[in-house]
Amino acid sequence: MNKLASNFLGISSPNPFWLASAPPTDKEYNVRRAYEAGWGGVVWKTLGSEGPPVVNVNGPRYGAIWGADRRLLGLNNIELITDRDLYTNLEEITRVKADYPDHALIVSLMVPCEEEAWKTILPLVEQTGADGIELNFGCPHGMAERGMGSAVGQVPEYIEMVTRWCKEAYSKPVIVKLTPNITDVRYPARAAKAGGADAVSLINTINSIVSVDLDAFAPVPTIDGKGSHGGYCGPAVKPIAMHMVADIARDAETAGLPISAIGGVTTWRDAAEFIALGAGNVQVCTAAMTYGFKVVQEMISGLNDWMDSKGYDSLADFQGMATPKVCDWKDLNLNYVTKAVIDQDKCIQCGRCYIACEDTSHQAIDMSAERIFTVKDDECVACNLCVNVCPVEGCITMKEIAPGQVDERTGRIVVGEHGDWTTHPNNPANIAAE
C-alpha cells in the first residue's frame, strides 16, 4: 500500500510532492529526470502565447540570503517565463505525459488579459494530454509590468474573469496561482472560486530586493550596473505561505476549495505542516535548485516514516487537522499560564538567555556568581524568548502552571490567588478600576 498516493482534483500521482513552475521544469530533459528521481508531479514552467519571444537577461538572475553557515535561506530571482518556443514546449509536454501517465503534469500559463488570447492557447494545451493548467497570476516582476502575472492577481475582478474564460474553454482542472503581494489573500481566493477554479496554489514569489552591491551601488543581481526587484522564495518565505494557506483553508467563503501549497518546502516536515493546515499537496522549487532532484527521496522516506509512527494510512488522515486550531488572537485562552524551566544538566552557561531577558524582555532570569541561571517565576511572563535564543535544543522548556499553583522552591503562589484572569489584580482592566 502506498500511503503517500495523492489524488488532487482527480489527478493521481505517487506522492504529494510536485515540482513548481520554475527553471527546474523548463524542458523535457529536466522533467523526465525529475520523475525518475521520484517526484510525483510537475508544473511545467509558464508558457506564453504566440508572438515575439520572451527574452531573459543574460547576466545573473538570482540574489541570495544565507544563514551563518551559508545555508541558503532565500533566493531572489528576476527570471521571466519560458523563453523557449511555445510549440517546442507543447511537443515536449505531449511526449512526457505519454511516457509518464501515472505522474501529474500541469501546464502553467500566462498570456495577456484578453479573452481571445486565453481561448487561443487553451486548445493547444488540451491536445498535449496534460492533466490540468495553472494560471500564473503571481509573477511579481517583468511580466507584471506588461499587465500580466501579479498585475492580474492583485485585482480580484480580473482573477474571476480570466478563470471563467478558462473554465469555459478548457475541460480539465484549472488551478489559480495566487500572489502574496496583496493585503488579504482571501479576496483573490474568493474571486478564483467565484470564477469556477478547481483549486488555488500559493504562494508565488514575494516582491524583494535582497541586497545592494556597495561598490556598484546597485541591487543584486546586477545587470550592467543596474538591478530590479525580483521574486523572493525559499525557506524564508514558508511562514508567510503557511499563514496564507491557513487563511484560505479556514475562510467560510473558500471552505472546501482545494489548495496546492507552495513556499519554502525543503523537508518532509514542511510538507506535513502544510497538509495539516489544509493543503492537498505541495509544490517545491528552491529545495530542488539547492540540493538537486533527489532531495525528494528524503521527503518521501521522512513523510512515510512519520506517518507510520502516527498510524496514518493516507494523507487524508491528517489533512486539515491543524486548521480548526488556527484562531484569531481574541480567541486565545488568557487563563493559560506557562513558565520557563532551565535544565541545568543541559545548560552550557553561555548566558544568552540571561542577557536577552535582562536587556530586552522582563528581567526574569537570575545569574549567580557561579553562572548558574535560574528563572524568577514571579517575573516570567512566558514570552519564551529564552527558549528561542538558547543554542541547546531542549535546555529551556515552557511548563504549564495551573491557576493558584504554589512554587515548591519559593512557597509563593505562581499565578496569584485569582485563577480567572478577568478578576486577576494584574489585569490592566482591574488596575485601571482601582
# chains A, B, ... in the order shown; residues from 1 in each chain; ligands from 1
>>> residues_around(residues="stretch 176-192 of chain A", least_positions_apart="3", cutoff="8 Å", atoms="only C-alpha atoms", output="ChimeraX atom specification")
/A:134-140,150,153-157,159-160,163,195-197,199-207,241,244,247-248,251,253-254
>>> select_by_dssp(residues="stretch 27-189 of chain A", states="helix (DSSP H, G or I)", output="PyMOL selection string")
chain A and resi 28-37+86-99+115-126+144-146+150-153+156-169+186-189
>>> closest_residue(among="A:Ala287, A:Ile348, A:Leu9, A:Val387", to="A:Arg371", atoms="only C-alpha atoms")
A:Ile348
>>> closest_residue(among="A:Asp308, A:Asp317, A:Asp345, A:Asp26", to="A:Cys285", atoms="only C-alpha atoms")
A:Asp26
>>> select_by_dssp(residues="stretch 177-401 of chain A", states="strand (DSSP E or B)", output="ChimeraX atom specification")
/A:177,199-202,206-208,212-213,218-219,223,226,230-233,259-262,281-284,337-342,365-367,373-375,396-401
>>> residues_around(residues="A:Trp66", least_positions_apart="6", cutoff="12 Å", atoms="only C-alpha atoms", output="count of residues only")
10
>>> residues_around(residues="A:Thr266", least_positions_apart="6", cutoff="10 Å", atoms="only C-alpha atoms", output="list in words")
Gly234, Pro235, Lys238, Val284, Cys285, Thr286, Ala287, Ala288, Thr290, Tyr291, Val295, Val296, Glu298 and Met299 of chain A
>>> residues_around(residues="A:Gln283", least_positions_apart="3", cutoff="7 Å", atoms="only C-alpha atoms", output="list in words")
Phe17, Trp18, Leu19, Ala20, Ser260, Ala261 and Ile262 of chain A
>>> write_last_selection(atoms="N, CA and C atoms", output="compact mmCIF listing (two decimals), in the first residue's frame")
# COMPACT_ATOMS: atom_id res chain seq x y z
N PHE A 17 4.39 15.35 -3.65
CA PHE A 17 5.48 16.27 -3.93
C PHE A 17 5.54 16.59 -5.43
N TRP A 18 5.17 17.81 -5.76
CA TRP A 18 5.23 18.28 -7.15
C TRP A 18 6.31 19.35 -7.25
N LEU A 19 6.97 19.38 -8.40
CA LEU A 19 7.88 20.48 -8.68
C LEU A 19 7.06 21.67 -9.17
N ALA A 20 7.34 22.84 -8.63
CA ALA A 20 6.61 24.05 -9.02
C ALA A 20 7.09 24.57 -10.37
N SER A 260 -3.06 23.80 -3.30
CA SER A 260 -1.72 23.28 -3.54
C SER A 260 -0.75 24.27 -2.91
N ALA A 261 -0.03 23.83 -1.88
CA ALA A 261 0.78 24.75 -1.08
C ALA A 261 2.19 24.89 -1.64
N ILE A 262 2.66 26.13 -1.68
CA ILE A 262 3.98 26.45 -2.20
C ILE A 262 4.64 27.44 -1.26
>>> closest_atom_pairs(of="stretch 58-93 of chain A", to="stretch 31-40 of chain A", cutoff="12 Å", atoms="only C-alpha atoms", output="tab-separated table")
residue	atom	partner	partner_atom	distance
A:Asn89	CA	A:Val31	CA	11.7
A:Glu92	CA	A:Val31	CA	9.7
A:Ile93	CA	A:Val31	CA	9.2
>>> residues_around(residues="A:Phe373", least_positions_apart="3", cutoff="8 Å", atoms="only C-alpha atoms", output="VMD selection string")
chain A and resid 342 349 351 354 365 to 368
>>> write_last_selection(atoms="N, CA and C atoms", output="PDB file, in the first residue's frame")
ATOM      1  N   ILE A 342      14.720  25.871  33.158  1.00  0.00           N
ATOM      2  CA  ILE A 342      16.058  25.615  32.616  1.00  0.00           C
ATOM      3  C   ILE A 342      16.570  24.282  33.144  1.00  0.00           C
ATOM      4  N   GLN A 349      25.954  27.275  30.135  1.00  0.00           N
ATOM      5  CA  GLN A 349      26.312  28.507  30.827  1.00  0.00           C
ATOM      6  C   GLN A 349      26.781  29.614  29.879  1.00  0.00           C
ATOM      7  N   GLY A 351      24.901  32.048  28.801  1.00  0.00           N
ATOM      8  CA  GLY A 351      24.317  33.298  29.243  1.00  0.00           C
ATOM      9  C   GLY A 351      23.441  34.010  28.233  1.00  0.00           C
ATOM     10  N   TYR A 354      20.029  34.782  29.643  1.00  0.00           N
ATOM     11  CA  TYR A 354      20.067  35.838  30.659  1.00  0.00           C
ATOM     12  C   TYR A 354      20.142  37.222  30.021  1.00  0.00           C
ATOM     13  N   ILE A 365      15.328  36.174  34.511  1.00  0.00           N
ATOM     14  CA  ILE A 365      16.346  35.132  34.693  1.00  0.00           C
ATOM     15  C   ILE A 365      17.458  35.677  35.571  1.00  0.00           C
ATOM     16  N   ASP A 366      17.818  34.887  36.573  1.00  0.00           N
ATOM     17  CA  ASP A 366      18.842  35.291  37.539  1.00  0.00           C
ATOM     18  C   ASP A 366      20.143  34.576  37.225  1.00  0.00           C
ATOM     19  N   MET A 367      21.271  35.280  37.354  1.00  0.00           N
ATOM     20  CA  MET A 367      22.587  34.660  37.169  1.00  0.00           C
ATOM     21  C   MET A 367      23.359  34.739  38.484  1.00  0.00           C
ATOM     22  N   SER A 368      23.797  33.585  38.995  1.00  0.00           N
ATOM     23  CA  SER A 368      24.559  33.551  40.244  1.00  0.00           C
ATOM     24  C   SER A 368      26.030  33.851  39.965  1.00  0.00           C
TER      25      SER A 368
END
>>> closest_residue(among="A:Ala246, A:Ile65, A:Ile396, A:Cys233", to="A:Gly263", atoms="only C-alpha atoms")
A:Cys233
>>> atom_distance(atom1="atom CA of A:His362", atom2="atom CA of A:Asp328")
25.5 Å
>>> residues_around(residues="A:Lys3", least_positions_apart="5", cutoff="10 Å", atoms="only C-alpha atoms", output="list in words")
Pro14, Asn15, Leu303, Asn304, Met307, Asp308, Tyr312, Asp313, Ser314, Leu315 and Ala316 of chain A
>>> write_last_selection(atoms="N, CA and C atoms", output="short mmCIF file (atom, residue, chain, number, x, y, z; two decimals), in the first residue's frame")
data_model
loop_
_atom_site.label_atom_id
_atom_site.label_comp_id
_atom_site.auth_asym_id
_atom_site.auth_seq_id
_atom_site.Cartn_x
_atom_site.Cartn_y
_atom_site.Cartn_z
N PRO A 14 2.02 9.48 -7.50
CA PRO A 14 2.50 8.54 -6.48
C PRO A 14 2.80 9.16 -5.13
N ASN A 15 2.92 10.48 -5.08
CA ASN A 15 3.15 11.17 -3.81
C ASN A 15 2.72 12.62 -3.98
N LEU A 303 8.38 11.47 5.26
CA LEU A 303 6.93 11.55 5.45
C LEU A 303 6.35 10.16 5.70
N ASN A 304 6.85 9.16 5.00
CA ASN A 304 6.41 7.78 5.23
C ASN A 304 6.67 7.34 6.66
N MET A 307 4.37 9.16 9.14
CA MET A 307 3.00 8.64 9.07
C MET A 307 2.91 7.28 9.73
N ASP A 308 3.93 6.45 9.55
CA ASP A 308 3.95 5.14 10.23
C ASP A 308 3.93 5.33 11.74
N TYR A 312 -0.95 6.71 10.57
CA TYR A 312 -1.74 7.24 9.46
C TYR A 312 -1.56 6.37 8.22
N ASP A 313 -2.66 6.02 7.59
CA ASP A 313 -2.61 5.17 6.40
C ASP A 313 -2.72 5.96 5.10
N SER A 314 -3.08 7.23 5.20
CA SER A 314 -3.19 8.05 4.00
C SER A 314 -3.01 9.52 4.37
N LEU A 315 -2.78 10.35 3.36
CA LEU A 315 -2.63 11.78 3.60
C LEU A 315 -3.90 12.38 4.18
N ALA A 316 -5.03 11.82 3.79
CA ALA A 316 -6.32 12.33 4.26
C ALA A 316 -6.47 12.18 5.76
#
